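> To be precise about what I am sending: the file is called structure_20.txt and holds compact mmCIF, N, CA and C atoms.
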```
# COMPACT_ATOMS: atom_id res chain seq x y z
N MET Z 19 39.41 6.25 -25.62
CA MET Z 19 40.01 7.50 -25.26
C MET Z 19 39.37 8.08 -23.99
N ARG Z 20 38.07 7.84 -23.82
CA ARG Z 20 37.41 8.40 -22.64
C ARG Z 20 37.94 7.79 -21.36
N ALA Z 21 38.35 6.54 -21.41
CA ALA Z 21 38.98 5.93 -20.23
C ALA Z 21 40.31 6.60 -19.94
N TRP Z 22 41.06 6.94 -20.98
CA TRP Z 22 42.32 7.64 -20.80
C TRP Z 22 42.09 9.04 -20.23
N ILE Z 23 41.01 9.68 -20.67
CA ILE Z 23 40.70 11.02 -20.13
C ILE Z 23 40.42 10.91 -18.64
N SER Z 24 39.64 9.94 -18.25
CA SER Z 24 39.34 9.74 -16.84
C SER Z 24 40.59 9.41 -16.05
N ALA Z 25 41.43 8.54 -16.60
CA ALA Z 25 42.69 8.20 -15.91
C ALA Z 25 43.61 9.40 -15.83
N GLY Z 26 43.60 10.23 -16.85
CA GLY Z 26 44.42 11.45 -16.85
C GLY Z 26 43.97 12.43 -15.78
N LEU Z 27 42.67 12.53 -15.55
CA LEU Z 27 42.17 13.43 -14.49
C LEU Z 27 42.60 12.96 -13.11
N ASP Z 28 42.78 11.65 -12.95
CA ASP Z 28 43.22 11.10 -11.68
C ASP Z 28 44.74 11.00 -11.58
N GLY Z 29 45.45 11.40 -12.64
CA GLY Z 29 46.91 11.36 -12.64
C GLY Z 29 47.47 9.96 -12.79
N GLU Z 30 46.76 9.09 -13.48
CA GLU Z 30 47.18 7.69 -13.60
C GLU Z 30 47.74 7.34 -14.98
N LEU Z 31 47.92 8.32 -15.85
CA LEU Z 31 48.47 8.03 -17.18
C LEU Z 31 49.99 8.13 -17.16
N SER Z 32 50.62 7.31 -17.99
CA SER Z 32 52.07 7.42 -18.15
C SER Z 32 52.35 8.65 -19.01
N GLU Z 33 53.61 9.01 -19.06
CA GLU Z 33 54.00 10.19 -19.84
C GLU Z 33 53.69 9.97 -21.32
N PHE Z 34 53.94 8.78 -21.81
CA PHE Z 34 53.68 8.46 -23.22
C PHE Z 34 52.19 8.54 -23.52
N GLU Z 35 51.36 7.96 -22.63
CA GLU Z 35 49.91 8.00 -22.84
C GLU Z 35 49.39 9.43 -22.77
N SER Z 36 49.97 10.25 -21.91
CA SER Z 36 49.55 11.66 -21.82
C SER Z 36 49.83 12.39 -23.12
N VAL Z 37 50.99 12.13 -23.72
CA VAL Z 37 51.33 12.78 -25.00
C VAL Z 37 50.35 12.33 -26.08
N LEU Z 38 50.05 11.03 -26.12
CA LEU Z 38 49.09 10.53 -27.12
C LEU Z 38 47.70 11.15 -26.90
N LEU Z 39 47.28 11.28 -25.64
CA LEU Z 39 45.97 11.86 -25.34
C LEU Z 39 45.91 13.33 -25.75
N ARG Z 40 46.96 14.08 -25.43
CA ARG Z 40 46.97 15.50 -25.83
C ARG Z 40 46.90 15.65 -27.33
N GLY Z 41 47.63 14.79 -28.06
CA GLY Z 41 47.58 14.84 -29.52
C GLY Z 41 46.18 14.52 -30.04
N HIS Z 42 45.51 13.58 -29.43
CA HIS Z 42 44.15 13.23 -29.86
C HIS Z 42 43.17 14.35 -29.54
N LEU Z 43 43.33 14.96 -28.36
CA LEU Z 43 42.40 16.03 -27.97
C LEU Z 43 42.52 17.25 -28.87
N LEU Z 44 43.69 17.48 -29.47
CA LEU Z 44 43.86 18.59 -30.41
C LEU Z 44 43.07 18.35 -31.70
N ARG Z 45 42.87 17.09 -32.06
CA ARG Z 45 42.17 16.77 -33.31
C ARG Z 45 40.70 16.46 -33.12
N CYS Z 46 40.30 15.95 -31.96
CA CYS Z 46 38.94 15.46 -31.76
C CYS Z 46 38.17 16.43 -30.86
N HIS Z 47 37.17 17.11 -31.44
CA HIS Z 47 36.38 18.09 -30.70
C HIS Z 47 35.48 17.41 -29.67
N SER Z 48 34.93 16.24 -30.00
CA SER Z 48 34.03 15.51 -29.10
C SER Z 48 34.76 15.08 -27.82
N CYS Z 49 35.96 14.54 -27.96
CA CYS Z 49 36.73 14.11 -26.78
C CYS Z 49 37.21 15.32 -25.98
N SER Z 50 37.52 16.39 -26.67
CA SER Z 50 37.95 17.61 -25.97
C SER Z 50 36.81 18.16 -25.11
N THR Z 51 35.58 18.13 -25.64
CA THR Z 51 34.42 18.59 -24.88
C THR Z 51 34.18 17.65 -23.69
N PHE Z 52 34.32 16.34 -23.90
CA PHE Z 52 34.15 15.38 -22.82
C PHE Z 52 35.17 15.62 -21.70
N LYS Z 53 36.41 15.94 -22.08
CA LYS Z 53 37.44 16.19 -21.06
C LYS Z 53 37.11 17.44 -20.26
N THR Z 54 36.63 18.47 -20.90
CA THR Z 54 36.27 19.70 -20.19
C THR Z 54 35.13 19.42 -19.21
N ASP Z 55 34.10 18.69 -19.67
CA ASP Z 55 32.97 18.37 -18.80
C ASP Z 55 33.40 17.47 -17.64
N ALA Z 56 34.20 16.47 -17.92
CA ALA Z 56 34.64 15.55 -16.88
C ALA Z 56 35.54 16.26 -15.87
N ALA Z 57 36.38 17.17 -16.35
CA ALA Z 57 37.27 17.91 -15.44
C ALA Z 57 36.47 18.82 -14.52
N SER Z 58 35.44 19.49 -15.07
CA SER Z 58 34.63 20.37 -14.22
C SER Z 58 33.82 19.56 -13.21
N PHE Z 59 33.31 18.40 -13.62
CA PHE Z 59 32.55 17.55 -12.71
C PHE Z 59 33.45 17.01 -11.59
N ALA Z 60 34.67 16.57 -11.95
CA ALA Z 60 35.60 16.03 -10.95
C ALA Z 60 36.01 17.11 -9.97
N ALA Z 61 36.22 18.35 -10.47
CA ALA Z 61 36.60 19.45 -9.57
C ALA Z 61 35.45 19.78 -8.61
N ALA Z 62 34.20 19.80 -9.12
CA ALA Z 62 33.06 20.09 -8.25
C ALA Z 62 32.88 18.98 -7.22
N LEU Z 63 33.09 17.76 -7.61
CA LEU Z 63 32.95 16.63 -6.70
C LEU Z 63 34.02 16.68 -5.60
N ARG Z 64 35.22 17.07 -5.96
CA ARG Z 64 36.30 17.15 -4.97
C ARG Z 64 36.11 18.32 -4.01
N ARG Z 65 35.45 19.38 -4.46
CA ARG Z 65 35.22 20.54 -3.60
C ARG Z 65 34.04 20.33 -2.66
N ALA Z 66 33.15 19.42 -2.99
CA ALA Z 66 31.94 19.22 -2.20
C ALA Z 66 32.29 18.68 -0.82
N PRO Z 67 31.53 19.09 0.21
CA PRO Z 67 31.82 18.58 1.56
C PRO Z 67 31.43 17.09 1.66
N LEU Z 68 32.09 16.42 2.57
CA LEU Z 68 31.81 15.00 2.77
C LEU Z 68 30.47 14.84 3.46
N GLU Z 69 29.73 13.85 3.08
CA GLU Z 69 28.44 13.54 3.70
C GLU Z 69 28.68 12.66 4.91
N SER Z 70 27.97 12.94 5.99
CA SER Z 70 28.08 12.06 7.14
C SER Z 70 26.99 10.99 7.02
N LEU Z 71 27.30 9.81 7.49
CA LEU Z 71 26.38 8.69 7.38
C LEU Z 71 25.37 8.72 8.53
N SER Z 72 24.14 8.30 8.25
CA SER Z 72 23.13 8.27 9.28
C SER Z 72 23.38 7.13 10.27
N ARG Z 73 23.98 6.06 9.81
CA ARG Z 73 24.36 4.96 10.69
C ARG Z 73 25.67 4.38 10.17
N PRO Z 74 26.46 3.78 11.03
CA PRO Z 74 27.76 3.24 10.59
C PRO Z 74 27.58 2.02 9.68
N ILE Z 75 28.54 1.84 8.83
CA ILE Z 75 28.53 0.68 7.94
C ILE Z 75 29.14 -0.50 8.68
N ALA Z 76 28.42 -1.60 8.70
CA ALA Z 76 28.92 -2.81 9.35
C ALA Z 76 29.08 -3.89 8.30
N LEU Z 77 30.29 -4.34 8.15
CA LEU Z 77 30.56 -5.40 7.20
C LEU Z 77 30.35 -6.75 7.88
N PRO Z 78 29.84 -7.74 7.15
CA PRO Z 78 29.64 -9.06 7.76
C PRO Z 78 30.99 -9.67 8.13
N ARG Z 79 30.99 -10.42 9.21
CA ARG Z 79 32.21 -11.07 9.65
C ARG Z 79 32.60 -12.16 8.67
N ARG Z 80 33.85 -12.35 8.58
CA ARG Z 80 34.36 -13.37 7.69
C ARG Z 80 34.10 -14.74 8.28
N ARG Z 81 33.59 -15.63 7.45
CA ARG Z 81 33.31 -16.98 7.91
C ARG Z 81 34.60 -17.77 8.06
N ARG Z 82 34.65 -18.53 9.09
CA ARG Z 82 35.80 -19.41 9.29
C ARG Z 82 35.51 -20.73 8.59
N ILE Z 83 36.50 -21.27 7.98
CA ILE Z 83 36.32 -22.54 7.28
C ILE Z 83 36.31 -23.66 8.31
N ALA Z 84 35.27 -24.46 8.24
CA ALA Z 84 35.12 -25.54 9.22
C ALA Z 84 36.10 -26.68 8.98
N PHE Z 85 36.66 -26.76 7.78
CA PHE Z 85 37.53 -27.88 7.44
C PHE Z 85 39.00 -27.53 7.57
N ALA Z 86 39.33 -26.46 8.26
CA ALA Z 86 40.73 -26.05 8.40
C ALA Z 86 41.61 -27.13 9.03
N PRO Z 87 41.16 -27.85 10.07
CA PRO Z 87 42.02 -28.90 10.64
C PRO Z 87 42.28 -30.04 9.67
N LEU Z 88 41.40 -30.23 8.70
CA LEU Z 88 41.58 -31.33 7.76
C LEU Z 88 42.58 -30.99 6.66
N ARG Z 89 42.98 -29.73 6.54
CA ARG Z 89 43.91 -29.35 5.49
C ARG Z 89 45.24 -30.09 5.62
N ALA Z 90 45.81 -30.10 6.81
CA ALA Z 90 47.09 -30.77 7.01
C ALA Z 90 46.97 -32.26 6.71
N THR Z 91 45.87 -32.85 7.11
CA THR Z 91 45.65 -34.27 6.84
C THR Z 91 45.54 -34.54 5.35
N ALA Z 92 44.84 -33.65 4.65
CA ALA Z 92 44.69 -33.82 3.20
C ALA Z 92 46.04 -33.69 2.49
N VAL Z 93 46.84 -32.73 2.93
CA VAL Z 93 48.15 -32.56 2.31
C VAL Z 93 49.03 -33.78 2.58
N ALA Z 94 48.99 -34.30 3.80
CA ALA Z 94 49.77 -35.49 4.12
C ALA Z 94 49.31 -36.69 3.29
N ALA Z 95 48.01 -36.85 3.14
CA ALA Z 95 47.48 -37.95 2.34
C ALA Z 95 47.90 -37.82 0.88
N LEU Z 96 47.88 -36.59 0.38
CA LEU Z 96 48.30 -36.36 -1.00
C LEU Z 96 49.78 -36.69 -1.17
N ALA Z 97 50.61 -36.30 -0.20
CA ALA Z 97 52.04 -36.58 -0.29
C ALA Z 97 52.29 -38.08 -0.27
N VAL Z 98 51.61 -38.80 0.61
CA VAL Z 98 51.79 -40.26 0.69
C VAL Z 98 51.34 -40.92 -0.61
N SER Z 99 50.23 -40.47 -1.16
CA SER Z 99 49.74 -41.08 -2.40
C SER Z 99 50.70 -40.78 -3.56
N MET Z 100 51.28 -39.59 -3.59
CA MET Z 100 52.23 -39.26 -4.67
C MET Z 100 53.49 -40.12 -4.55
N ILE Z 101 53.94 -40.34 -3.31
CA ILE Z 101 55.11 -41.21 -3.12
C ILE Z 101 54.77 -42.63 -3.56
N GLY Z 102 53.57 -43.08 -3.23
CA GLY Z 102 53.16 -44.43 -3.65
C GLY Z 102 53.08 -44.56 -5.16
N VAL Z 103 52.49 -43.57 -5.81
CA VAL Z 103 52.39 -43.60 -7.28
C VAL Z 103 53.79 -43.55 -7.89
N GLY Z 104 54.66 -42.73 -7.32
CA GLY Z 104 56.03 -42.67 -7.82
C GLY Z 104 56.76 -43.99 -7.66
N GLY Z 105 56.52 -44.65 -6.53
CA GLY Z 105 57.15 -45.96 -6.32
C GLY Z 105 56.67 -46.99 -7.31
N VAL Z 106 55.37 -47.01 -7.57
CA VAL Z 106 54.82 -47.95 -8.55
C VAL Z 106 55.38 -47.65 -9.93
N PHE Z 107 55.43 -46.38 -10.29
CA PHE Z 107 55.97 -45.98 -11.60
C PHE Z 107 57.43 -46.40 -11.72
N ALA Z 108 58.21 -46.16 -10.66
CA ALA Z 108 59.63 -46.52 -10.71
C ALA Z 108 59.82 -48.02 -10.80
N SER Z 109 59.00 -48.79 -10.07
CA SER Z 109 59.16 -50.24 -10.12
C SER Z 109 58.76 -50.81 -11.48
N LEU Z 110 57.78 -50.21 -12.12
CA LEU Z 110 57.39 -50.68 -13.45
C LEU Z 110 58.47 -50.43 -14.48
N HIS Z 111 59.16 -49.31 -14.36
CA HIS Z 111 60.15 -48.94 -15.36
C HIS Z 111 61.57 -49.38 -15.00
N SER Z 112 61.80 -49.79 -13.76
CA SER Z 112 63.16 -50.21 -13.39
C SER Z 112 63.51 -51.54 -14.03
N GLY Z 113 62.53 -52.39 -14.27
CA GLY Z 113 62.81 -53.67 -14.91
C GLY Z 113 63.37 -53.48 -16.30
N ALA Z 114 62.86 -52.51 -17.03
CA ALA Z 114 63.37 -52.25 -18.38
C ALA Z 114 64.80 -51.73 -18.32
N ILE Z 115 65.11 -50.96 -17.29
CA ILE Z 115 66.46 -50.41 -17.18
C ILE Z 115 67.44 -51.50 -16.74
N LEU Z 116 67.03 -52.33 -15.77
CA LEU Z 116 67.94 -53.36 -15.27
C LEU Z 116 68.16 -54.47 -16.28
N ASN Z 117 67.18 -54.78 -17.10
CA ASN Z 117 67.31 -55.87 -18.07
C ASN Z 117 67.98 -55.45 -19.36
N ARG Z 118 68.23 -54.18 -19.52
CA ARG Z 118 68.86 -53.68 -20.76
C ARG Z 118 70.33 -54.07 -20.74
N PRO Z 119 70.85 -54.62 -21.82
CA PRO Z 119 72.26 -55.01 -21.83
C PRO Z 119 73.15 -53.78 -21.80
N ASN Z 120 74.23 -53.88 -21.09
CA ASN Z 120 75.18 -52.79 -20.97
C ASN Z 120 76.13 -52.87 -22.15
N ALA Z 121 76.10 -51.88 -23.01
CA ALA Z 121 76.92 -51.89 -24.22
C ALA Z 121 78.40 -51.82 -23.87
N TYR Z 122 78.72 -51.13 -22.80
CA TYR Z 122 80.12 -50.99 -22.41
C TYR Z 122 80.67 -52.32 -21.89
N ALA Z 123 79.86 -53.02 -21.09
CA ALA Z 123 80.31 -54.31 -20.57
C ALA Z 123 80.44 -55.33 -21.70
N ALA Z 124 79.58 -55.24 -22.70
CA ALA Z 124 79.64 -56.18 -23.82
C ALA Z 124 80.86 -55.93 -24.69
N ALA Z 125 81.44 -54.75 -24.61
CA ALA Z 125 82.60 -54.43 -25.45
C ALA Z 125 83.87 -55.09 -24.94
N LEU Z 126 83.87 -55.58 -23.68
CA LEU Z 126 85.05 -56.22 -23.10
C LEU Z 126 84.80 -57.72 -22.96
N ASP Z 127 85.72 -58.51 -23.45
CA ASP Z 127 85.64 -59.96 -23.23
C ASP Z 127 86.77 -60.38 -22.30
N ASP Z 128 86.91 -61.67 -22.04
CA ASP Z 128 87.92 -62.15 -21.09
C ASP Z 128 89.34 -61.82 -21.53
N GLN Z 129 89.60 -61.97 -22.81
CA GLN Z 129 90.95 -61.69 -23.32
C GLN Z 129 91.29 -60.22 -23.12
N ASP Z 130 90.32 -59.33 -23.36
CA ASP Z 130 90.57 -57.90 -23.15
C ASP Z 130 90.84 -57.59 -21.68
N LEU Z 131 90.13 -58.26 -20.80
CA LEU Z 131 90.34 -58.02 -19.37
C LEU Z 131 91.73 -58.48 -18.92
N ARG Z 132 92.19 -59.63 -19.43
CA ARG Z 132 93.53 -60.11 -19.08
C ARG Z 132 94.60 -59.16 -19.60
N GLN Z 133 94.38 -58.64 -20.80
CA GLN Z 133 95.34 -57.71 -21.38
C GLN Z 133 95.39 -56.42 -20.56
N LEU Z 134 94.23 -55.93 -20.11
CA LEU Z 134 94.20 -54.71 -19.31
C LEU Z 134 94.85 -54.93 -17.94
N GLN Z 135 94.73 -56.15 -17.38
CA GLN Z 135 95.34 -56.44 -16.09
C GLN Z 135 96.86 -56.43 -16.17
N ARG Z 136 97.41 -56.80 -17.32
CA ARG Z 136 98.86 -56.81 -17.50
C ARG Z 136 99.43 -55.41 -17.67
N GLN Z 137 98.61 -54.45 -18.08
CA GLN Z 137 99.10 -53.09 -18.30
C GLN Z 137 99.24 -52.36 -16.97
N LYS Z 138 99.96 -51.24 -17.02
CA LYS Z 138 100.07 -50.39 -15.84
C LYS Z 138 98.71 -49.74 -15.61
N PRO Z 139 98.40 -49.39 -14.35
CA PRO Z 139 97.06 -48.84 -14.06
C PRO Z 139 96.71 -47.60 -14.88
N GLN Z 140 97.66 -46.70 -15.08
CA GLN Z 140 97.36 -45.48 -15.85
C GLN Z 140 97.05 -45.81 -17.31
N ALA Z 141 97.81 -46.73 -17.88
CA ALA Z 141 97.59 -47.10 -19.27
C ALA Z 141 96.25 -47.83 -19.42
N ALA Z 142 95.95 -48.71 -18.45
CA ALA Z 142 94.69 -49.44 -18.51
C ALA Z 142 93.50 -48.49 -18.39
N LEU Z 143 93.62 -47.51 -17.50
CA LEU Z 143 92.55 -46.54 -17.34
C LEU Z 143 92.35 -45.72 -18.61
N ALA Z 144 93.45 -45.32 -19.24
CA ALA Z 144 93.36 -44.56 -20.49
C ALA Z 144 92.70 -45.41 -21.57
N GLU Z 145 93.07 -46.69 -21.64
CA GLU Z 145 92.47 -47.59 -22.64
C GLU Z 145 90.97 -47.75 -22.39
N LEU Z 146 90.58 -47.92 -21.13
CA LEU Z 146 89.16 -48.04 -20.79
C LEU Z 146 88.38 -46.77 -21.16
N ARG Z 147 88.98 -45.63 -20.91
CA ARG Z 147 88.31 -44.36 -21.27
C ARG Z 147 88.10 -44.24 -22.76
N VAL Z 148 89.12 -44.64 -23.53
CA VAL Z 148 89.01 -44.58 -25.00
C VAL Z 148 87.90 -45.51 -25.48
N ARG Z 149 87.87 -46.73 -24.95
CA ARG Z 149 86.83 -47.68 -25.36
C ARG Z 149 85.44 -47.21 -24.95
N ARG Z 150 85.36 -46.68 -23.74
CA ARG Z 150 84.05 -46.19 -23.27
C ARG Z 150 83.55 -45.04 -24.14
N ALA Z 151 84.43 -44.12 -24.49
CA ALA Z 151 84.04 -43.00 -25.35
C ALA Z 151 83.58 -43.51 -26.72
N ARG Z 152 84.28 -44.54 -27.23
CA ARG Z 152 83.91 -45.10 -28.53
C ARG Z 152 82.54 -45.76 -28.48
N VAL Z 153 82.28 -46.51 -27.40
CA VAL Z 153 80.99 -47.20 -27.25
C VAL Z 153 79.87 -46.19 -27.04
N LEU Z 154 80.10 -45.20 -26.17
CA LEU Z 154 79.05 -44.21 -25.90
C LEU Z 154 78.74 -43.36 -27.12
N SER Z 155 79.75 -42.97 -27.87
CA SER Z 155 79.48 -42.15 -29.05
C SER Z 155 78.72 -42.95 -30.11
N ALA Z 156 79.00 -44.25 -30.19
CA ALA Z 156 78.28 -45.08 -31.17
C ALA Z 156 76.84 -45.32 -30.74
N SER Z 157 76.60 -45.41 -29.42
CA SER Z 157 75.24 -45.73 -28.97
C SER Z 157 74.34 -44.51 -28.90
N THR Z 158 74.91 -43.31 -28.89
CA THR Z 158 74.07 -42.12 -28.78
C THR Z 158 73.79 -41.47 -30.12
N GLN Z 159 74.32 -42.02 -31.18
CA GLN Z 159 74.07 -41.43 -32.49
C GLN Z 159 72.68 -41.81 -32.98
N ILE Z 160 71.98 -40.82 -33.53
CA ILE Z 160 70.64 -41.04 -34.07
C ILE Z 160 70.78 -41.43 -35.53
N PRO Z 161 70.18 -42.54 -35.93
CA PRO Z 161 70.29 -42.92 -37.35
C PRO Z 161 69.55 -41.91 -38.23
N ARG Z 162 70.21 -41.46 -39.25
CA ARG Z 162 69.63 -40.46 -40.16
C ARG Z 162 69.24 -41.14 -41.47
N THR Z 163 68.03 -40.87 -41.90
CA THR Z 163 67.56 -41.37 -43.19
C THR Z 163 66.90 -40.22 -43.92
N THR Z 164 66.92 -40.28 -45.22
CA THR Z 164 66.32 -39.21 -46.01
C THR Z 164 64.84 -39.47 -46.18
N GLY Z 165 64.08 -38.40 -46.31
CA GLY Z 165 62.64 -38.52 -46.54
C GLY Z 165 61.86 -38.71 -45.26
N PHE Z 166 60.56 -38.64 -45.38
CA PHE Z 166 59.67 -38.77 -44.23
C PHE Z 166 59.43 -40.24 -43.93
N GLN Z 167 59.51 -40.58 -42.64
CA GLN Z 167 59.21 -41.95 -42.24
C GLN Z 167 58.14 -41.90 -41.14
N ASN Z 168 57.07 -42.61 -41.39
CA ASN Z 168 56.00 -42.66 -40.41
C ASN Z 168 56.31 -43.74 -39.38
N PRO Z 169 56.37 -43.38 -38.09
CA PRO Z 169 56.77 -44.40 -37.09
C PRO Z 169 55.76 -45.50 -36.93
```
In structure tokens, what does this structure look like?


Amino acid sequence: MRAWISAGLDGELSEFESVLLRGHLLRCHSCSTFKTDAASFAAALRRAPLESLSRPIALPRRRRIAFAPLRATAVAALAVSMIGVGGVFASLHSGAILNRPNAYAAALDDQDLRQLQRQKPQAALAELRVRRARVLSASTQIPRTTGFQNP
């Protein structure tokens, strides 16, 4: 509460916090006395004349980083290494993708292709879409089993 009292003297409390503080000060004699003392001290401090300094304050100069030219080089090296790591990762996993059998291609045999060639283009396209939807829906279904299974 004393932090709220101090913030209230500086006008930094929200309206809600001010209401809560006023309610607390009505019940708590110790905090009410602290607020009176803090308010009188803050008022006396604000009325006091400013002190002049005997000598000016000099802040130390900010150090320049000696490695600033190397920043661009480091960023470029990081970018090249990330591209290299990405390339290695992609090449390791592309073999699994390329060697995977295509379920859609396996669904069509030579006889099916000849039959589709004899149909009109719109009918053949509709037939291919139906087959593709059937194959994709069958391959994306997750097998469901009852009970807990430890992989």

> So, with only C-alpha atoms as the atoms that count, which of Z:Met19, Z:Lys138, Z:Pro87, Z:Thr51 lies closest to Z:Ser36?

Z:Met19

> Which of these residues is nearest to Z:Trp22, using all atoms listed in the file: Z:Glu35, Z:Ala151, Z:Asp130, Z:Ser70?

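Smallest separation from Z:Trp22 among the options: Z:Glu35.
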
> To box stretch 42-51 of chain Z, take all atoms listed in the file, fit an axis-aligned box, add 4 Å on each side, and give centre and edge lengths in Å to one decimal, as JSON.


```
{"center_x": 39.8, "center_y": 15.9, "center_z": -28.5, "size_x": 19.5, "size_y": 13.4, "size_z": 17.6}
```

> For atom N of Z:Leu77 and atom CA of Z:Arg64, quote the distance in Å rounded to one decimal.

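Separating atom N of Z:Leu77 from atom CA of Z:Arg64 is a distance of 25.9 Å.
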
> Work out how far apart atom C of Z:Pro67 and atom N of Z:Ile23 are and give it in Å to one decimal.

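Distance between the two atoms: 25.4 Å.
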